[in-house]
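Trainee: What follows is final_11.txt, compact mmCIF, C-alpha atoms.
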# COMPACT_ATOMS: atom_id res chain seq x y z
CA MET A 756 105.49 115.60 112.18
CA THR A 757 108.58 114.05 110.60
CA PRO A 758 111.17 116.62 109.46
CA GLU A 759 112.57 115.68 106.05
CA THR A 760 116.13 116.77 106.86
CA LEU A 761 116.65 114.23 109.64
CA LEU A 762 117.46 110.52 109.81
CA TYR A 763 115.56 108.09 112.05
CA THR A 764 116.01 104.86 114.02
CA ARG A 765 113.60 102.04 114.83
CA GLN A 766 113.85 103.19 118.47
CA HIS A 767 112.17 106.46 117.44
CA GLU A 768 115.27 108.59 117.68
CA TRP A 769 116.10 111.32 115.20
CA VAL A 770 119.62 112.14 114.01
CA ALA A 771 120.79 115.45 112.55
CA ARG A 772 124.21 115.45 110.89
CA ARG A 773 126.42 118.48 111.44
CA ASP A 774 129.73 117.98 109.64
CA SER A 775 131.65 115.48 111.81
CA THR A 776 129.03 115.30 114.58
CA VAL A 777 125.40 114.27 114.95
CA VAL A 778 122.70 115.56 117.28
CA VAL A 779 120.29 112.94 118.62
CA GLY A 780 116.80 113.33 120.03
CA LEU A 781 113.54 111.46 120.52
CA THR A 782 110.98 111.73 117.72
CA ASP A 783 107.53 113.21 118.13
CA HIS A 784 106.08 109.71 117.84
CA GLY A 785 108.52 108.40 120.43
CA GLN A 786 107.74 111.06 123.01
CA GLU A 787 104.00 110.73 122.35
CA THR A 788 104.16 106.96 122.90
CA LEU A 789 106.02 107.40 126.19
CA GLY A 790 103.74 110.09 127.58
CA GLU A 791 104.88 112.80 129.96
CA ILE A 792 108.69 112.68 130.30
CA ILE A 793 109.64 113.09 133.96
CA HIS A 794 113.38 112.33 133.90
CA VAL A 795 116.17 112.04 131.33
CA GLU A 796 119.50 110.42 132.12
CA LEU A 797 122.17 111.50 129.65
CA PRO A 798 125.62 110.03 129.00
CA PRO A 799 128.74 111.74 130.33
CA VAL A 800 130.61 114.02 127.94
CA GLY A 801 133.62 112.23 126.50
CA LYS A 802 132.13 108.74 126.76
CA ARG A 803 132.88 106.61 123.69
CA LEU A 804 130.05 104.37 122.53
CA ALA A 805 129.70 101.81 119.77
CA LYS A 806 126.58 101.77 117.64
CA GLY A 807 123.82 99.98 119.56
CA GLU A 808 125.18 100.61 123.05
CA GLU A 809 122.84 102.30 125.51
CA ALA A 810 123.53 106.02 125.76
CA ALA A 811 120.56 107.53 127.57
CA ALA A 812 117.49 106.61 129.58
CA VAL A 813 114.12 108.30 129.55
CA GLU A 814 111.58 107.89 132.32
CA SER A 815 107.99 108.81 131.65
CA SER A 816 104.59 108.51 133.23
CA LYS A 817 104.17 105.21 131.33
CA ALA A 818 107.59 103.58 131.14
CA SER A 819 111.33 103.80 131.55
CA VAL A 820 113.34 103.04 128.42
CA GLY A 821 116.98 102.95 127.42
CA LEU A 822 118.03 104.59 124.17
CA ASP A 823 120.89 103.20 122.12
CA VAL A 824 123.32 105.33 120.14
CA PRO A 825 122.47 105.24 116.44
CA VAL A 826 126.13 105.52 115.37
CA SER A 827 129.54 105.00 116.95
CA GLY A 828 131.42 107.93 118.43
CA ALA A 829 132.06 110.01 121.53
CA ILE A 830 129.64 112.25 123.39
CA VAL A 831 130.56 115.88 122.71
CA THR A 832 127.81 117.65 124.63
CA VAL A 833 124.50 116.94 126.32
CA ASN A 834 121.35 119.02 126.68
CA GLU A 835 121.77 120.13 130.28
CA ALA A 836 118.43 121.96 130.20
CA LEU A 837 116.71 118.56 130.43
CA ALA A 838 117.90 118.12 134.03
CA ASP A 839 115.48 120.83 135.16
CA ALA A 840 112.99 120.62 132.31
CA PRO A 841 112.66 117.03 130.98
CA GLY A 842 109.28 117.99 129.49
CA LEU A 843 111.15 119.80 126.70
CA VAL A 844 111.36 116.39 125.05
CA ASN A 845 107.53 116.42 124.92
CA SER A 846 106.95 120.05 124.04
CA ASP A 847 109.77 120.54 121.50
CA PRO A 848 111.23 117.15 120.50
CA TYR A 849 112.98 118.46 117.36
CA GLY A 850 114.24 121.66 118.96
CA LYS A 851 114.93 122.40 122.62
CA GLY A 852 114.24 118.76 123.54
CA TRP A 853 117.35 117.31 121.83
CA LEU A 854 119.31 114.82 123.94
CA TYR A 855 123.03 114.80 123.06
CA GLU A 856 125.60 115.51 120.36
CA MET A 857 128.31 113.05 119.47
CA SER A 858 131.30 112.83 117.16
CA LEU A 859 131.12 110.36 114.30
CA SER A 860 133.62 107.49 114.30
CA ASP A 861 132.23 105.98 111.09
CA ALA A 862 130.03 108.16 108.88
CA ASP A 863 129.12 105.07 106.82
CA GLU A 864 126.92 103.95 109.74
CA LEU A 865 124.49 106.75 108.86
CA ALA A 866 123.45 104.70 105.81
CA SER A 867 121.70 102.22 108.13
CA LEU A 868 119.29 104.90 109.35
CA MET A 869 115.92 105.69 107.78
CA ASP A 870 115.06 108.87 105.91
CA ALA A 871 111.75 110.59 106.73
CA HIS A 872 109.79 108.66 104.08
CA ARG A 873 111.05 105.25 105.26
CA TYR A 874 110.41 106.22 108.89
CA GLN A 875 106.80 107.13 108.06
CA GLU A 876 106.39 103.73 106.36
CA TYR A 877 107.90 102.06 109.43
CA LEU A 878 105.38 103.85 111.67
CA ARG A 879 102.48 102.69 109.49
CA GLN A 880 103.70 99.07 109.56
CA ASP A 881 104.37 99.26 113.30
CA ALA A 882 100.78 100.42 113.90
CA THR A 883 99.29 97.31 112.28
Hey, can you dump this file as structure tokens for me?

Mentor:
Amino acid sequence: MTPETLLYTRQHEWVARRDSTVVVGLTDHGQETLGEIIHVELPPVGKRLAKGEEAAAVESSKASVGLDVPVSGAIVTVNEALADAPGLVNSDPYGKGWLYEMSLSDADELASLMDAHRYQEYLRQDAT
């Protein structure tokens, strides 16, 4: 499942734009690849990050991975429900399993992200 209204990264993150902020989460493919999510470490609210800096870490039954911010900005809020229920990333990756919301420092950076069609092509190429 790849919602058409979202943007995507090569790290299997999704990005939803909301005016001057974006919400970021892990894609269905990303969570499936990692397996059962057992811990999510989220950035502190207020932290300023440049595109490409590590913002979060996800620990699963298979691996522990760092996730980079897809755009520059400051963390506005984090999904505190993940502290007690990290499996939300598995069960509802595009809904209750979102990771964090951040302000946009440079909206032009969104142009470097993939739309749903390009992300699907990327997944097909990545599988070969």

Trainee: Give me, as number ranges by chain, all polymer residues having an atom no more than 7 Å from A:Met857, counting all atoms listed in the file and skipping those fewer than 4 positions away in the same chain.

Mentor: A: 776-778, 828-832

Trainee: In Å, rounded to a single decimal, give me how far atom CA of A:Leu797 is from atom CA of A:Val824.

Mentor: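 So the two atoms, atom CA of A:Val824 and atom CA of A:Leu797, lie 11.4 Å apart.
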
Trainee: For A:Ser819, please output as number ranges by chain all residues within 12 Å (counting all atoms listed in the file; exclusion window: fewer than 3 positions along the same chain).

Mentor: A: 786, 788-796, 811-816, 822

Trainee: So, counting all atoms listed in the file, which residue among A:Arg773, A:Arg879, A:His784, A:Lys806 is closest to A:Asp823?

Mentor: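 Smallest separation from A:Asp823 among the options: A:Lys806.
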
Trainee: For A:Ala866, which of A:Asn845, A:Thr764, A:Thr757, A:Ser775 is the closest residue, counting all atoms listed in the file?

Mentor: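 Residue with the minimum atom-to-atom distance to A:Ala866: A:Thr764.
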
Trainee: Quick one: of A:Glu787, A:Glu856, A:Glu759, A:Asp881, who's nearest to A:Pro799, counting only C-alpha atoms?

Mentor: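 Among A:Glu787, A:Glu856, A:Glu759, A:Asp881, it is A:Glu856 that comes nearest to A:Pro799.
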
Trainee: So that I can see what lies close to A:Gly780, please list as a PDB file with C-alpha atoms, keeping the file's coordinate frame the residues with an atom at most 6 Å from it, counting all atoms listed in the file and leaving out residues fewer than 2 positions away in the same chain.

Mentor:
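The file below, result32.pdb, is the result:
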ATOM      1  CA  GLU A 768     115.270 108.590 117.680  1.00  0.00           C
ATOM      2  CA  TRP A 769     116.100 111.320 115.200  1.00  0.00           C
ATOM      3  CA  TRP A 853     117.350 117.310 121.830  1.00  0.00           C
ATOM      4  CA  LEU A 854     119.310 114.820 123.940  1.00  0.00           C
TER       5      LEU A 854
END

Trainee: To one decimal place, how far is atom CA of A:Pro758 from atom CA of A:Lys802 in Å?

Mentor: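 Rounded to one decimal, the two atoms are 28.3 Å apart.
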
Trainee: Rounded to one decimal, what separation in Å do you get between atom CA of A:Gly785 and atom CA of A:His767?

Mentor: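 Straight-line distance from atom CA of A:Gly785 to atom CA of A:His767 works out to 5.1 Å.
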
Trainee: Under the rule that all atoms listed in the file are counted, which of A:Gln766, A:Leu804, A:Glu809, A:Gly852 is the nearest residue to A:Asp839?

Mentor: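 Of A:Gln766, A:Leu804, A:Glu809, A:Gly852, the one nearest A:Asp839, counting all atoms listed in the file, is A:Gly852.
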
Trainee: Please determine, counting all atoms listed in the file, which residue among A:Gly821, A:Leu859, A:Leu781, A:Arg765 has the shortest atom-to-atom distance to A:Gln880.

Mentor: A:Arg765

Trainee: Would you please work out which residue, of A:Tyr763, A:Tyr874, A:Tyr855, A:Tyr849, is nearest to A:Val779 when using all atoms listed in the file?

Mentor: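 Comparing A:Tyr763, A:Tyr874, A:Tyr855, A:Tyr849 against A:Val779, the winner is A:Tyr855.
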